[in-house]
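Trainee: Next up is a structure, given as structure tokens.
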Amino acid sequence: MTRDGVEVSLAPAGHILGSAQAVVRWKGMTIAVSGDYKRRRDPTCAAFEPVACDVFVSEATFALPVFRHPPDTGEIAKLLRSVEQFPGRAHLVGAYALGKAQRIIRLLREAGHDRTIYVHGAMEKLNALYERHGVALGPLAPATLEGRDLLAGEIIIAPPGALAERWARRFADPVSAFASGWMGVRARARQRAVELPLVISDHADWDELTGTVAELRPGELWITHGREEALARWASLNGIAARPLSLVGYEDEDV
């Protein structure tokens, strides 16, 4: 749309289904605001679309060289290996109800897991929404069965907060798993008592962030919500003017 000479459009961000960058053009200047984004393939949403711009506003959630997320296929293989090794235990995977849960389900399907996947009630409407938008999730069922042994050997996906509630104790000797980019930090996994950390994030890691900036080569890089200093320093060393933007009320999230 165009208003008062300013053109505003949207481009895919690759974060979750429907996520978008905001692209603003005015008098020959283009500003692209990334929002949350990632660059690796996600079977549940459109891929990030690079937009040539004078100013690129980038997130920096994982903007430290230590954050290099492994391939998600390997993390899903780790989960399926555990299911095979411990058939008497339910595998309870903490994942955000919007985006992360559906991505994990699709990755499990692509890895050949065609059994019913059980889900927390908080995910049912969002799963149905993804299905309506063409993301096939396969057989799902509510994780409401009674009896501690009924879901032994099965995968249950729930919001991270549910893992610490009484709800989680109904399952057969559950293996506690959590899908997050922060699971690459052992201290965070220990803090949450996560037995099976899965490093799966919907945000760009260090290589994706720096690779995106190198690809776009904007005149200026503005950096938001995260580790601004490291990314700003990298940009400066690579001849790109950069500065951090302070967002009021921002805190780290388990993403």
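In the structure tokens, chains take the letters A, B, ... in the order shown, each chain's residues start at 1, and ligands count up from 1 in the order shown.
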With a distance cut-off of 12 Å and only C-alpha atoms, select the neighbouring residues of stretch 212-224 of chain A, excluding the residue or stretch itself and same-chain residues fewer than 3 positions from it, and output the selection as a ChimeraX atom specification.

Mentor: /A:13,29-40,48-63,204-209,227-248,250-252

Trainee: Please save C-alpha atoms of the selected residues as a JSON list (two decimals), in the first residue's frame.

Mentor:
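Output (selection_5.json):
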```json
[["chain", "number", "residue", "atom", "x", "y", "z"],
["A", 13, "ALA", "CA", 10.59, -13.60, 7.12],
["A", 29, "MET", "CA", 15.26, 5.09, 0.26],
["A", 30, "THR", "CA", 14.34, 1.54, 1.31],
["A", 31, "ILE", "CA", 14.18, 0.33, 4.91],
["A", 32, "ALA", "CA", 13.61, -3.38, 5.57],
["A", 33, "VAL", "CA", 12.53, -4.33, 9.10],
["A", 34, "SER", "CA", 13.20, -8.02, 9.57],
["A", 35, "GLY", "CA", 11.17, -8.79, 12.66],
["A", 36, "ASP", "CA", 12.03, -12.31, 13.85],
["A", 37, "TYR", "CA", 13.59, -14.39, 11.07],
["A", 38, "LYS", "CA", 15.67, -17.41, 10.19],
["A", 39, "ARG", "CA", 17.36, -18.53, 6.97],
["A", 40, "ARG", "CA", 17.18, -22.31, 7.09],
["A", 48, "PHE", "CA", 13.06, -15.53, 4.18],
["A", 49, "GLU", "CA", 13.15, -13.25, 1.16],
["A", 50, "PRO", "CA", 16.22, -10.96, 0.96],
["A", 51, "VAL", "CA", 15.23, -7.38, 0.13],
["A", 52, "ALA", "CA", 17.84, -4.94, -1.19],
["A", 53, "CYS", "CA", 17.75, -1.98, 1.18],
["A", 54, "ASP", "CA", 19.56, 1.11, 2.39],
["A", 55, "VAL", "CA", 18.77, 0.32, 6.03],
["A", 56, "PHE", "CA", 18.28, -3.19, 7.40],
["A", 57, "VAL", "CA", 16.74, -3.54, 10.87],
["A", 58, "SER", "CA", 17.77, -6.95, 12.19],
["A", 59, "GLU", "CA", 16.95, -8.96, 15.27],
["A", 60, "ALA", "CA", 19.93, -10.26, 17.26],
["A", 61, "THR", "CA", 18.51, -12.94, 19.55],
["A", 62, "PHE", "CA", 21.42, -15.32, 18.94],
["A", 63, "ALA", "CA", 24.03, -12.79, 17.82],
["A", 204, "ALA", "CA", 18.64, -16.93, 12.95],
["A", 205, "ASP", "CA", 21.90, -18.08, 14.54],
["A", 206, "TRP", "CA", 25.22, -16.24, 14.27],
["A", 207, "ASP", "CA", 26.07, -17.53, 10.80],
["A", 208, "GLU", "CA", 22.59, -16.77, 9.48],
["A", 209, "LEU", "CA", 22.65, -13.24, 10.91],
["A", 227, "ARG", "CA", 23.23, -9.17, 21.60],
["A", 228, "GLU", "CA", 23.66, -5.96, 19.65],
["A", 229, "GLU", "CA", 27.29, -5.33, 20.51],
["A", 230, "ALA", "CA", 28.76, -8.44, 18.87],
["A", 231, "LEU", "CA", 26.81, -8.03, 15.64],
["A", 232, "ALA", "CA", 27.56, -4.31, 15.50],
["A", 233, "ARG", "CA", 31.26, -5.04, 15.94],
["A", 234, "TRP", "CA", 31.18, -7.69, 13.18],
["A", 235, "ALA", "CA", 29.44, -5.23, 10.85],
["A", 236, "SER", "CA", 31.99, -2.51, 11.59],
["A", 237, "LEU", "CA", 34.87, -4.88, 10.83],
["A", 238, "ASN", "CA", 33.19, -5.67, 7.52],
["A", 239, "GLY", "CA", 32.69, -2.05, 6.49],
["A", 240, "ILE", "CA", 29.00, -1.73, 7.35],
["A", 241, "ALA", "CA", 27.80, 1.10, 9.58],
["A", 242, "ALA", "CA", 25.79, -0.34, 12.46],
["A", 243, "ARG", "CA", 24.10, 0.81, 15.62],
["A", 244, "PRO", "CA", 21.94, -0.82, 18.30],
["A", 245, "LEU", "CA", 18.35, 0.17, 18.95],
["A", 246, "SER", "CA", 17.01, -0.06, 22.49],
["A", 247, "LEU", "CA", 13.57, -1.62, 22.88],
["A", 248, "VAL", "CA", 11.76, -0.77, 26.09],
["A", 250, "TYR", "CA", 12.53, -6.39, 26.04],
["A", 251, "GLU", "CA", 13.69, -9.54, 27.81],
["A", 252, "ASP", "CA", 15.14, -12.82, 26.53]]
```

Trainee: Can you list, as a PyMOL selection string, every residue of stretch 36-145 of chain A that DSSP puts in helix (DSSP H, G or I)?

Mentor: chain A and resi 72-85+100-110+121-132

Trainee: As an MDAnalysis selection string, please: every residue in stretch 34-151 of chain A that a backbone DSSP assignment puts in strand (DSSP E or B).

Mentor: chainID A and resid 55:60 91:94 117:119 140:142

Trainee: Skip A:Gly184 itself and residues of its chain fewer than 3 positions away, then list as a PyMOL selection string all residues within 9 Å of it, counting only C-alpha atoms.

Mentor: chain A and resi 66-69+180-181+187-189+197-199

Trainee: Those same residues, written as a PDB file, in the first residue's frame with N, CA and C atoms?

Mentor:
```
ATOM      1  N   VAL A  66      29.048 -18.143  19.475  1.00  0.00           N
ATOM      2  CA  VAL A  66      28.833 -19.442  20.114  1.00  0.00           C
ATOM      3  C   VAL A  66      27.524 -20.084  19.649  1.00  0.00           C
ATOM      4  N   PHE A  67      26.589 -19.271  19.141  1.00  0.00           N
ATOM      5  CA  PHE A  67      25.300 -19.800  18.716  1.00  0.00           C
ATOM      6  C   PHE A  67      25.344 -20.198  17.246  1.00  0.00           C
ATOM      7  N   ARG A  68      25.593 -21.469  17.020  1.00  0.00           N
ATOM      8  CA  ARG A  68      25.552 -22.046  15.674  1.00  0.00           C
ATOM      9  C   ARG A  68      24.656 -23.280  15.760  1.00  0.00           C
ATOM     10  N   HIS A  69      23.392 -23.103  15.395  1.00  0.00           N
ATOM     11  CA  HIS A  69      22.413 -24.172  15.567  1.00  0.00           C
ATOM     12  C   HIS A  69      22.711 -25.347  14.635  1.00  0.00           C
ATOM     13  N   SER A 180      14.460 -25.612  21.654  1.00  0.00           N
ATOM     14  CA  SER A 180      14.759 -24.183  21.735  1.00  0.00           C
ATOM     15  C   SER A 180      16.205 -23.944  21.331  1.00  0.00           C
ATOM     16  N   GLY A 181      16.456 -22.774  20.752  1.00  0.00           N
ATOM     17  CA  GLY A 181      17.836 -22.412  20.459  1.00  0.00           C
ATOM     18  C   GLY A 181      18.685 -22.307  21.704  1.00  0.00           C
ATOM     19  N   ALA A 187      23.752 -24.854  30.691  1.00  0.00           N
ATOM     20  CA  ALA A 187      23.231 -24.336  31.958  1.00  0.00           C
ATOM     21  C   ALA A 187      21.719 -24.128  31.887  1.00  0.00           C
ATOM     22  N   ARG A 188      21.227 -23.698  30.734  1.00  0.00           N
ATOM     23  CA  ARG A 188      19.783 -23.487  30.584  1.00  0.00           C
ATOM     24  C   ARG A 188      19.044 -24.820  30.608  1.00  0.00           C
ATOM     25  N   ALA A 189      19.619 -25.842  29.968  1.00  0.00           N
ATOM     26  CA  ALA A 189      18.997 -27.161  29.981  1.00  0.00           C
ATOM     27  C   ALA A 189      18.949 -27.709  31.400  1.00  0.00           C
ATOM     28  N   PRO A 197      17.705 -32.166  25.551  1.00  0.00           N
ATOM     29  CA  PRO A 197      17.648 -30.846  24.913  1.00  0.00           C
ATOM     30  C   PRO A 197      17.697 -30.972  23.398  1.00  0.00           C
ATOM     31  N   LEU A 198      16.825 -30.253  22.720  1.00  0.00           N
ATOM     32  CA  LEU A 198      16.761 -30.244  21.258  1.00  0.00           C
ATOM     33  C   LEU A 198      17.025 -28.818  20.777  1.00  0.00           C
ATOM     34  N   VAL A 199      18.141 -28.618  20.098  1.00  0.00           N
ATOM     35  CA  VAL A 199      18.513 -27.271  19.659  1.00  0.00           C
ATOM     36  C   VAL A 199      17.804 -26.987  18.335  1.00  0.00           C
TER      37      VAL A 199
END
```

Trainee: Compile the contact shell of A:Leu126 as a PyMOL selection string: residues with an atom at most 12 Å away, counting only C-alpha atoms, same-chain residues fewer than 3 positions apart removed.

Mentor: chain A and resi 16-17+96-103+119-123+129-133+135+137

Trainee: Tell me which of A:Gly153, A:Pro142, A:Met183, A:Arg170 sits closest to A:Gln85, counting only C-alpha atoms.

Mentor: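 Between A:Gly153, A:Pro142, A:Met183, A:Arg170, the residue approaching A:Gln85 most closely is A:Gly153.
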
Trainee: Which one of A:His203, A:His113, A:Arg190, A:Arg3 sits closest to A:Ser19 if you count only C-alpha atoms?

Mentor: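 Looking only at the distances to A:Ser19, the closest residue turns out to be A:His203.
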
Trainee: Please provide as a PyMOL selection string all residues within 12 Å of A:Pro87, with the sequence filter that same-chain residues fewer than 5 positions apart are discarded (counting only C-alpha atoms).

Mentor: chain A and resi 80-82+149-155+172-175
